[in-house]
Each structure stands twice: as structure tokens, then as C-alpha cells.
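Reproduced below: model_38.cif, with mmCIF, N, CA and C atoms.
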```cif
data_model
#
loop_
_atom_site.label_atom_id
_atom_site.label_comp_id
_atom_site.auth_asym_id
_atom_site.auth_seq_id
_atom_site.Cartn_x
_atom_site.Cartn_y
_atom_site.Cartn_z
N MET A 26 1.72 22.13 18.78
CA MET A 26 0.73 21.06 18.71
C MET A 26 1.28 19.83 19.42
N ASN A 27 0.41 19.07 19.97
CA ASN A 27 0.75 17.86 20.71
C ASN A 27 1.34 16.81 19.77
N THR A 28 2.49 16.24 20.14
CA THR A 28 3.15 15.22 19.31
C THR A 28 2.25 14.00 19.11
N ASP A 29 1.55 13.59 20.17
CA ASP A 29 0.66 12.43 20.05
C ASP A 29 -0.43 12.67 19.02
N ALA A 30 -0.94 13.88 18.97
CA ALA A 30 -1.98 14.21 17.99
C ALA A 30 -1.42 14.15 16.57
N LEU A 31 -0.20 14.62 16.39
CA LEU A 31 0.43 14.57 15.07
C LEU A 31 0.65 13.12 14.61
N ILE A 32 1.03 12.27 15.55
CA ILE A 32 1.22 10.85 15.22
C ILE A 32 -0.10 10.24 14.77
N VAL A 33 -1.17 10.55 15.45
CA VAL A 33 -2.50 10.02 15.09
C VAL A 33 -2.92 10.54 13.72
N VAL A 34 -2.69 11.81 13.47
CA VAL A 34 -3.04 12.39 12.16
C VAL A 34 -2.23 11.72 11.06
N GLY A 35 -0.93 11.56 11.26
CA GLY A 35 -0.08 10.91 10.26
C GLY A 35 -0.51 9.49 9.98
N ARG A 36 -0.77 8.73 11.04
CA ARG A 36 -1.26 7.35 10.87
C ARG A 36 -2.59 7.35 10.12
N GLY A 37 -3.45 8.28 10.47
CA GLY A 37 -4.75 8.38 9.82
C GLY A 37 -4.64 8.65 8.33
N LEU A 38 -3.73 9.53 7.95
CA LEU A 38 -3.55 9.83 6.53
C LEU A 38 -3.04 8.62 5.76
N ILE A 39 -2.09 7.90 6.36
CA ILE A 39 -1.60 6.68 5.70
C ILE A 39 -2.73 5.66 5.59
N ALA A 40 -3.50 5.52 6.66
CA ALA A 40 -4.61 4.56 6.68
C ALA A 40 -5.64 4.89 5.61
N ILE A 41 -5.98 6.16 5.49
CA ILE A 41 -6.98 6.58 4.49
C ILE A 41 -6.50 6.25 3.08
N SER A 42 -5.20 6.39 2.83
CA SER A 42 -4.71 6.08 1.48
C SER A 42 -4.88 4.60 1.16
N PHE A 43 -4.66 3.73 2.14
CA PHE A 43 -4.84 2.29 1.90
C PHE A 43 -6.32 1.94 1.74
N ILE A 44 -7.18 2.50 2.57
CA ILE A 44 -8.61 2.22 2.48
C ILE A 44 -9.17 2.72 1.15
N ALA A 45 -8.77 3.92 0.75
CA ALA A 45 -9.23 4.48 -0.54
C ALA A 45 -8.75 3.62 -1.70
N SER A 46 -7.52 3.12 -1.61
CA SER A 46 -6.99 2.25 -2.65
C SER A 46 -7.80 0.97 -2.76
N ALA A 47 -8.17 0.39 -1.62
CA ALA A 47 -8.99 -0.83 -1.63
C ALA A 47 -10.34 -0.57 -2.27
N LEU A 48 -10.95 0.55 -1.93
CA LEU A 48 -12.26 0.88 -2.51
C LEU A 48 -12.15 1.09 -4.02
N GLY A 49 -11.04 1.69 -4.45
CA GLY A 49 -10.81 1.85 -5.88
C GLY A 49 -10.66 0.51 -6.60
N LYS A 50 -9.98 -0.42 -5.96
CA LYS A 50 -9.83 -1.75 -6.55
C LYS A 50 -11.19 -2.46 -6.66
N VAL A 51 -12.01 -2.30 -5.63
CA VAL A 51 -13.35 -2.91 -5.66
C VAL A 51 -14.18 -2.30 -6.78
N SER A 52 -14.13 -0.99 -6.92
CA SER A 52 -14.97 -0.32 -7.92
C SER A 52 -14.49 -0.56 -9.35
N LYS A 53 -13.22 -0.90 -9.50
CA LYS A 53 -12.67 -1.18 -10.84
C LYS A 53 -12.12 -2.60 -10.88
N TRP A 54 -12.91 -3.53 -10.41
CA TRP A 54 -12.51 -4.93 -10.27
C TRP A 54 -11.93 -5.50 -11.56
N LYS A 55 -12.70 -5.41 -12.66
CA LYS A 55 -12.26 -6.01 -13.93
C LYS A 55 -10.99 -5.35 -14.46
N ASP A 56 -10.92 -4.04 -14.36
CA ASP A 56 -9.72 -3.33 -14.82
C ASP A 56 -8.49 -3.75 -14.01
N THR A 57 -8.69 -3.90 -12.70
CA THR A 57 -7.57 -4.28 -11.84
C THR A 57 -7.11 -5.71 -12.14
N ILE A 58 -8.06 -6.61 -12.35
CA ILE A 58 -7.71 -7.98 -12.73
C ILE A 58 -6.93 -7.96 -14.05
N GLY A 59 -7.39 -7.16 -15.00
CA GLY A 59 -6.70 -7.05 -16.29
C GLY A 59 -5.27 -6.55 -16.14
N LEU A 60 -5.08 -5.55 -15.30
CA LEU A 60 -3.75 -5.01 -15.04
C LEU A 60 -2.85 -6.08 -14.42
N MET A 61 -3.41 -6.81 -13.47
CA MET A 61 -2.64 -7.87 -12.81
C MET A 61 -2.27 -8.98 -13.80
N GLN A 62 -3.19 -9.33 -14.68
CA GLN A 62 -2.91 -10.36 -15.69
C GLN A 62 -1.84 -9.88 -16.65
N MET A 63 -1.93 -8.61 -17.05
CA MET A 63 -0.95 -8.04 -17.98
C MET A 63 0.47 -8.09 -17.39
N HIS A 64 0.56 -7.97 -16.07
CA HIS A 64 1.86 -7.99 -15.40
C HIS A 64 2.20 -9.38 -14.85
N GLN A 65 1.44 -10.35 -15.27
CA GLN A 65 1.69 -11.76 -14.93
C GLN A 65 1.74 -12.00 -13.42
N VAL A 66 0.83 -11.33 -12.69
CA VAL A 66 0.71 -11.58 -11.26
C VAL A 66 0.04 -12.95 -11.11
N PRO A 67 0.65 -13.85 -10.34
CA PRO A 67 0.05 -15.17 -10.19
C PRO A 67 -1.31 -15.09 -9.48
N TRP A 68 -2.25 -15.90 -9.95
CA TRP A 68 -3.60 -15.97 -9.37
C TRP A 68 -4.19 -14.57 -9.14
N PRO A 69 -4.46 -13.83 -10.22
CA PRO A 69 -4.88 -12.44 -10.08
C PRO A 69 -6.15 -12.24 -9.25
N THR A 70 -7.14 -13.12 -9.38
CA THR A 70 -8.36 -12.93 -8.61
C THR A 70 -8.09 -13.11 -7.12
N LEU A 71 -7.39 -14.16 -6.77
CA LEU A 71 -7.03 -14.38 -5.37
C LEU A 71 -6.13 -13.25 -4.87
N GLY A 72 -5.18 -12.84 -5.70
CA GLY A 72 -4.30 -11.74 -5.34
C GLY A 72 -5.06 -10.45 -5.07
N LEU A 73 -6.08 -10.19 -5.90
CA LEU A 73 -6.86 -8.97 -5.72
C LEU A 73 -7.68 -9.04 -4.43
N ILE A 74 -8.26 -10.18 -4.16
CA ILE A 74 -9.02 -10.34 -2.91
C ILE A 74 -8.10 -10.12 -1.71
N ILE A 75 -6.93 -10.72 -1.75
CA ILE A 75 -5.97 -10.56 -0.65
C ILE A 75 -5.54 -9.10 -0.52
N ALA A 76 -5.26 -8.46 -1.65
CA ALA A 76 -4.84 -7.05 -1.62
C ALA A 76 -5.91 -6.17 -0.98
N ILE A 77 -7.17 -6.39 -1.37
CA ILE A 77 -8.27 -5.59 -0.82
C ILE A 77 -8.40 -5.83 0.68
N LEU A 78 -8.32 -7.09 1.09
CA LEU A 78 -8.42 -7.40 2.53
C LEU A 78 -7.28 -6.78 3.31
N ILE A 79 -6.07 -6.87 2.78
CA ILE A 79 -4.91 -6.28 3.48
C ILE A 79 -5.10 -4.78 3.60
N GLU A 80 -5.47 -4.13 2.51
CA GLU A 80 -5.60 -2.67 2.54
C GLU A 80 -6.70 -2.21 3.49
N ILE A 81 -7.82 -2.91 3.51
CA ILE A 81 -8.91 -2.50 4.39
C ILE A 81 -8.59 -2.82 5.85
N LEU A 82 -8.22 -4.07 6.13
CA LEU A 82 -7.96 -4.46 7.52
C LEU A 82 -6.78 -3.71 8.11
N ALA A 83 -5.69 -3.63 7.37
CA ALA A 83 -4.52 -2.92 7.87
C ALA A 83 -4.80 -1.42 7.97
N GLY A 84 -5.56 -0.89 7.02
CA GLY A 84 -5.93 0.53 7.09
C GLY A 84 -6.73 0.84 8.34
N VAL A 85 -7.68 -0.02 8.66
CA VAL A 85 -8.48 0.18 9.88
C VAL A 85 -7.61 0.06 11.13
N CYS A 86 -6.72 -0.94 11.15
CA CYS A 86 -5.82 -1.10 12.30
C CYS A 86 -4.93 0.13 12.47
N LEU A 87 -4.41 0.66 11.38
CA LEU A 87 -3.60 1.89 11.47
C LEU A 87 -4.45 3.05 11.98
N LEU A 88 -5.65 3.14 11.46
CA LEU A 88 -6.54 4.25 11.83
C LEU A 88 -6.84 4.25 13.32
N ILE A 89 -7.13 3.09 13.88
CA ILE A 89 -7.48 3.04 15.30
C ILE A 89 -6.27 2.79 16.20
N GLY A 90 -5.13 2.51 15.59
CA GLY A 90 -3.89 2.38 16.36
C GLY A 90 -3.73 1.06 17.09
N THR A 91 -4.28 0.01 16.54
CA THR A 91 -4.17 -1.30 17.18
C THR A 91 -3.33 -2.25 16.33
N PHE A 92 -2.67 -3.19 16.97
CA PHE A 92 -1.83 -4.18 16.29
C PHE A 92 -0.85 -3.50 15.32
N LEU A 93 -0.24 -2.42 15.76
CA LEU A 93 0.59 -1.63 14.85
C LEU A 93 1.79 -2.38 14.30
N TYR A 94 2.49 -3.13 15.14
CA TYR A 94 3.68 -3.83 14.65
C TYR A 94 3.34 -4.81 13.53
N PRO A 95 2.42 -5.77 13.73
CA PRO A 95 2.11 -6.69 12.63
C PRO A 95 1.45 -5.99 11.44
N THR A 96 0.70 -4.94 11.72
CA THR A 96 0.05 -4.20 10.63
C THR A 96 1.09 -3.55 9.73
N VAL A 97 2.05 -2.88 10.34
CA VAL A 97 3.08 -2.19 9.56
C VAL A 97 3.94 -3.20 8.81
N ILE A 98 4.27 -4.32 9.43
CA ILE A 98 5.08 -5.35 8.75
C ILE A 98 4.31 -5.87 7.53
N ALA A 99 3.02 -6.15 7.71
CA ALA A 99 2.20 -6.66 6.59
C ALA A 99 2.11 -5.62 5.48
N LEU A 100 1.86 -4.37 5.82
CA LEU A 100 1.75 -3.32 4.80
C LEU A 100 3.09 -3.07 4.11
N PHE A 101 4.18 -3.13 4.87
CA PHE A 101 5.50 -2.93 4.27
C PHE A 101 5.76 -4.01 3.22
N ALA A 102 5.50 -5.26 3.58
CA ALA A 102 5.70 -6.37 2.63
C ALA A 102 4.78 -6.23 1.43
N TYR A 103 3.54 -5.85 1.69
CA TYR A 103 2.55 -5.69 0.62
C TYR A 103 2.99 -4.60 -0.37
N VAL A 104 3.39 -3.45 0.15
CA VAL A 104 3.80 -2.35 -0.73
C VAL A 104 5.06 -2.73 -1.51
N ALA A 105 6.01 -3.38 -0.84
CA ALA A 105 7.24 -3.79 -1.53
C ALA A 105 6.92 -4.76 -2.67
N LEU A 106 6.02 -5.71 -2.43
CA LEU A 106 5.62 -6.64 -3.49
C LEU A 106 4.87 -5.92 -4.61
N ALA A 107 4.01 -4.99 -4.23
CA ALA A 107 3.26 -4.25 -5.24
C ALA A 107 4.20 -3.46 -6.14
N ILE A 108 5.24 -2.87 -5.57
CA ILE A 108 6.24 -2.15 -6.37
C ILE A 108 6.90 -3.11 -7.35
N ALA A 109 7.28 -4.28 -6.87
CA ALA A 109 8.00 -5.25 -7.71
C ALA A 109 7.13 -5.79 -8.84
N PHE A 110 5.84 -6.00 -8.57
CA PHE A 110 4.99 -6.63 -9.56
C PHE A 110 4.55 -5.69 -10.69
N ILE A 111 4.35 -4.41 -10.40
CA ILE A 111 3.79 -3.58 -11.47
C ILE A 111 4.70 -2.42 -11.87
N PRO A 112 4.87 -1.36 -11.07
CA PRO A 112 5.64 -0.23 -11.61
C PRO A 112 7.11 -0.54 -11.87
N LEU A 113 7.73 -1.38 -11.06
CA LEU A 113 9.13 -1.71 -11.30
C LEU A 113 9.29 -2.47 -12.62
N GLN A 114 8.37 -3.40 -12.90
CA GLN A 114 8.40 -4.11 -14.18
C GLN A 114 8.28 -3.12 -15.34
N ASP A 115 7.33 -2.18 -15.20
CA ASP A 115 7.14 -1.19 -16.27
C ASP A 115 8.40 -0.36 -16.48
N ALA A 116 9.02 0.07 -15.39
CA ALA A 116 10.21 0.91 -15.50
C ALA A 116 11.37 0.14 -16.13
N LEU A 117 11.54 -1.10 -15.72
CA LEU A 117 12.65 -1.90 -16.25
C LEU A 117 12.45 -2.26 -17.72
N LYS A 118 11.20 -2.44 -18.13
CA LYS A 118 10.90 -2.78 -19.53
C LYS A 118 10.73 -1.53 -20.38
N ASN A 119 10.85 -0.36 -19.74
CA ASN A 119 10.68 0.92 -20.41
C ASN A 119 9.28 1.06 -21.01
N GLN A 120 8.29 0.48 -20.34
CA GLN A 120 6.89 0.60 -20.75
C GLN A 120 6.19 1.51 -19.76
N GLY A 121 5.85 2.68 -20.18
CA GLY A 121 5.20 3.62 -19.27
C GLY A 121 6.13 4.09 -18.16
N ARG A 122 7.41 4.15 -18.49
CA ARG A 122 8.40 4.52 -17.49
C ARG A 122 8.11 5.88 -16.87
N GLU A 123 7.61 6.81 -17.67
CA GLU A 123 7.37 8.16 -17.16
C GLU A 123 6.30 8.17 -16.07
N SER A 124 5.40 7.21 -16.06
CA SER A 124 4.42 7.14 -14.97
C SER A 124 4.84 6.15 -13.90
N ALA A 125 5.68 5.17 -14.23
CA ALA A 125 6.10 4.15 -13.27
C ALA A 125 7.06 4.72 -12.22
N VAL A 126 7.98 5.56 -12.65
CA VAL A 126 8.99 6.08 -11.73
C VAL A 126 8.36 6.91 -10.61
N PRO A 127 7.42 7.81 -10.89
CA PRO A 127 6.78 8.54 -9.79
C PRO A 127 5.98 7.62 -8.86
N VAL A 128 5.38 6.57 -9.40
CA VAL A 128 4.63 5.62 -8.57
C VAL A 128 5.59 4.90 -7.62
N ILE A 129 6.75 4.51 -8.14
CA ILE A 129 7.75 3.86 -7.29
C ILE A 129 8.18 4.83 -6.18
N GLY A 130 8.42 6.07 -6.53
CA GLY A 130 8.81 7.07 -5.54
C GLY A 130 7.74 7.28 -4.48
N SER A 131 6.49 7.34 -4.89
CA SER A 131 5.39 7.50 -3.93
C SER A 131 5.31 6.31 -2.99
N ASN A 132 5.48 5.13 -3.54
CA ASN A 132 5.43 3.94 -2.70
C ASN A 132 6.61 3.86 -1.73
N ILE A 133 7.76 4.31 -2.16
CA ILE A 133 8.91 4.36 -1.25
C ILE A 133 8.63 5.34 -0.11
N ALA A 134 7.96 6.45 -0.42
CA ALA A 134 7.59 7.41 0.62
C ALA A 134 6.60 6.78 1.61
N ILE A 135 5.68 5.98 1.11
CA ILE A 135 4.74 5.28 1.99
C ILE A 135 5.51 4.31 2.89
N LEU A 136 6.49 3.60 2.32
CA LEU A 136 7.31 2.70 3.14
C LEU A 136 8.00 3.49 4.26
N GLY A 137 8.50 4.67 3.94
CA GLY A 137 9.12 5.51 4.95
C GLY A 137 8.14 5.93 6.03
N GLY A 138 6.92 6.26 5.62
CA GLY A 138 5.89 6.62 6.60
C GLY A 138 5.56 5.46 7.52
N LEU A 139 5.53 4.25 6.96
CA LEU A 139 5.24 3.08 7.78
C LEU A 139 6.36 2.83 8.80
N VAL A 140 7.61 3.03 8.38
CA VAL A 140 8.73 2.88 9.31
C VAL A 140 8.61 3.91 10.43
N LEU A 141 8.21 5.12 10.09
CA LEU A 141 8.05 6.16 11.11
C LEU A 141 6.94 5.81 12.10
N VAL A 142 5.88 5.15 11.62
CA VAL A 142 4.81 4.73 12.53
C VAL A 142 5.40 3.85 13.63
N LEU A 143 6.25 2.91 13.25
CA LEU A 143 6.87 2.04 14.25
C LEU A 143 7.84 2.82 15.14
N ALA A 144 8.64 3.68 14.52
CA ALA A 144 9.64 4.43 15.28
C ALA A 144 8.96 5.32 16.32
N LEU A 145 7.88 5.95 15.96
CA LEU A 145 7.20 6.86 16.87
C LEU A 145 6.38 6.13 17.92
N LYS A 146 6.06 4.88 17.61
CA LYS A 146 5.31 4.08 18.58
C LYS A 146 6.24 3.52 19.64
N GLY A 147 7.54 3.45 19.33
CA GLY A 147 8.51 3.00 20.31
C GLY A 147 8.81 1.51 20.30
N PHE A 148 8.62 0.85 19.15
CA PHE A 148 8.90 -0.59 19.09
C PHE A 148 10.39 -0.80 18.92
#
```

Encoded form (C-alpha cells):
Amino acid sequence: MNTDALIVVGRGLIAISFIASALGKVSKWKDTIGLMQMHQVPWPTLGLIIAILIEILAGVCLLIGTFLYPTVIALFAYVALAIAFIPLQDALKNQGRESAVPVIGSNIAILGGLVLVLALKGF
């Protein structure tokens, strides 16, 4: 199979996960705000709006392959902050640790995929 096609498929899969996550946040707005408040995320409503915008805009940019460098940097920072604000807090406080640790692992895998997007693009 063509390497370029595999790169597009990989980027597309990562993009779809961010877009789907944004749609999930929109559909469960109140629940997401509650989760953010429970984890003491500052300005939860503004944070949620920003999270949705980042996930949708960056997801679309990944999908179509434009502005990849700033997109990946923004998503990398976003995912790292998301890990710190929710699942890492849960794991450190031993609250829901059994579900937090796999979430942290999944997010670390996403970070790795984002790094590969840049590496394969040749930046």
C-alpha cells in the first residue's frame, strides 16, 4: 500500500476521534460542565467552549491535512492539559483509578500519534 495513503488514513483516524469527542461534549453539555467543576477546572463553561472549538477545528485541519504543525502543537498541548486536569487527578487521588489509568494510557498513545503526524510530514 502507498505510504502517503497510510499517512492520510492515520491522520483521518486521529481527526475523527477529536471530532467525535467534540460532538460528545456538545451532546452532554451539562454532564461535561459538571465533570469539569468536580475536577476544579477553572472557568468550566469557557473551558468547554474552547475544548469543543479546538477539537473540531484541529480535527478538520488534521482531516484535510492543512496547518499541520500548529494543529499538532495545539492538540498536543490540549491533550496534555486534559490528562492533567481529569484522569491524572483521579489516579493520584485514587478516585476511579481503575478507569483513569487506561484513559491516561490512551491519551499518551494519541500524543504519540500526533508526534508521528509531524514526523511523517517532514517538519

Extract the full set of helix (DSSP H, G or I) residues from range 48-92 of chain A according to DSSP on the backbone, and format it as a VMD selection string.
chain A and resid 48 to 52 54 to 63 69 to 89

Counting all atoms listed in the file, which of A:Ile44, A:Gln120, A:Ser52, A:Gly130 gets nearest to Ile79 in chain A?
A:Ile44

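When atom C of Leu100 in chain A is paired with atom N of Leu38 in chain A, their separation reads 14.8 Å.
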
Between A:Cys86, A:Leu141, A:Ile74, A:Val51, single out the one closest to Ala99 in chain A, counting only C-alpha atoms.
A:Cys86

Non-local contacts of range 101-105 of chain A (9 Å; only C-alpha atoms; under 6 positions in same chain excluded) as a PyMOL selection string
chain A and resi 76+79-80+132-133+135-136+139-140

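Atom to atom, atom C of Arg36 in chain A and atom C of Leu87 in chain A stand 5.0 Å apart.
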
Rounded to one decimal place, report the CA of Lys53 in chain A-CA of Phe110 in chain A distance in Å.
18.5 Å

Measuring between all atoms listed in the file, which one of A:Val85, A:Ile77, A:Ala109, A:Thr57 shows the shortest distance to Ile41 in chain A?
A:Val85

So which residues touch Trp54 in chain A within 12 Å, counting only C-alpha atoms, skipping near sequence neighbours fewer than 2 positions away, as a JSON list (two decimals) with N, CA and C atoms, in the coordinates of the input?
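The resulting file, out-v1.json, is reproduced below:
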```json
[["chain", "number", "residue", "atom", "x", "y", "z"],
["A", 46, "SER", "N", -7.52, 3.12, -1.61],
["A", 46, "SER", "CA", -6.99, 2.25, -2.65],
["A", 46, "SER", "C", -7.80, 0.97, -2.76],
["A", 47, "ALA", "N", -8.17, 0.39, -1.62],
["A", 47, "ALA", "CA", -8.99, -0.83, -1.63],
["A", 47, "ALA", "C", -10.34, -0.57, -2.27],
["A", 48, "LEU", "N", -10.95, 0.55, -1.93],
["A", 48, "LEU", "CA", -12.26, 0.88, -2.51],
["A", 48, "LEU", "C", -12.15, 1.09, -4.02],
["A", 49, "GLY", "N", -11.04, 1.69, -4.45],
["A", 49, "GLY", "CA", -10.81, 1.85, -5.88],
["A", 49, "GLY", "C", -10.66, 0.51, -6.60],
["A", 50, "LYS", "N", -9.98, -0.42, -5.96],
["A", 50, "LYS", "CA", -9.83, -1.75, -6.55],
["A", 50, "LYS", "C", -11.19, -2.46, -6.66],
["A", 51, "VAL", "N", -12.01, -2.30, -5.63],
["A", 51, "VAL", "CA", -13.35, -2.91, -5.66],
["A", 51, "VAL", "C", -14.18, -2.30, -6.78],
["A", 52, "SER", "N", -14.13, -0.99, -6.92],
["A", 52, "SER", "CA", -14.97, -0.32, -7.92],
["A", 52, "SER", "C", -14.49, -0.56, -9.35],
["A", 56, "ASP", "N", -10.92, -4.04, -14.36],
["A", 56, "ASP", "CA", -9.72, -3.33, -14.82],
["A", 56, "ASP", "C", -8.49, -3.75, -14.01],
["A", 57, "THR", "N", -8.69, -3.90, -12.70],
["A", 57, "THR", "CA", -7.57, -4.28, -11.84],
["A", 57, "THR", "C", -7.11, -5.71, -12.14],
["A", 58, "ILE", "N", -8.06, -6.61, -12.35],
["A", 58, "ILE", "CA", -7.71, -7.98, -12.73],
["A", 58, "ILE", "C", -6.93, -7.96, -14.05],
["A", 59, "GLY", "N", -7.39, -7.16, -15.00],
["A", 59, "GLY", "CA", -6.70, -7.05, -16.29],
["A", 59, "GLY", "C", -5.27, -6.55, -16.14],
["A", 60, "LEU", "N", -5.08, -5.55, -15.30],
["A", 60, "LEU", "CA", -3.75, -5.01, -15.04],
["A", 60, "LEU", "C", -2.85, -6.08, -14.42],
["A", 61, "MET", "N", -3.41, -6.81, -13.47],
["A", 61, "MET", "CA", -2.64, -7.87, -12.81],
["A", 61, "MET", "C", -2.27, -8.98, -13.80],
["A", 69, "PRO", "N", -4.46, -13.83, -10.22],
["A", 69, "PRO", "CA", -4.88, -12.44, -10.08],
["A", 69, "PRO", "C", -6.15, -12.24, -9.25],
["A", 70, "THR", "N", -7.14, -13.12, -9.38],
["A", 70, "THR", "CA", -8.36, -12.93, -8.61],
["A", 70, "THR", "C", -8.09, -13.11, -7.12],
["A", 71, "LEU", "N", -7.39, -14.16, -6.77],
["A", 71, "LEU", "CA", -7.03, -14.38, -5.37],
["A", 71, "LEU", "C", -6.13, -13.25, -4.87],
["A", 72, "GLY", "N", -5.18, -12.84, -5.70],
["A", 72, "GLY", "CA", -4.30, -11.74, -5.34],
["A", 72, "GLY", "C", -5.06, -10.45, -5.07],
["A", 73, "LEU", "N", -6.08, -10.19, -5.90],
["A", 73, "LEU", "CA", -6.86, -8.97, -5.72],
["A", 73, "LEU", "C", -7.68, -9.04, -4.43],
["A", 74, "ILE", "N", -8.26, -10.18, -4.16],
["A", 74, "ILE", "CA", -9.02, -10.34, -2.91],
["A", 74, "ILE", "C", -8.10, -10.12, -1.71],
["A", 76, "ALA", "N", -5.26, -8.46, -1.65],
["A", 76, "ALA", "CA", -4.84, -7.05, -1.62],
["A", 76, "ALA", "C", -5.91, -6.17, -0.98],
["A", 77, "ILE", "N", -7.17, -6.39, -1.37],
["A", 77, "ILE", "CA", -8.27, -5.59, -0.82],
["A", 77, "ILE", "C", -8.40, -5.83, 0.68]]
```

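Comparing the minimum interatomic distances between Gly137 in chain A and each of A:Ile39, A:Val34, A:His64, A:Thr28, counting only C-alpha atoms, we find that A:Ile39 sits nearest.
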
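Proximity ranking of A:Val142, A:Ile75, A:Asp29, A:Ser42 relative to Val97 in chain A places A:Val142 first, based on only C-alpha atoms.
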
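Between Ala107 in chain A and the candidates A:Ala134, A:Ala144, A:Ala40, A:Val128, the tightest atom-to-atom separation, counting only C-alpha atoms, involves A:Val128.
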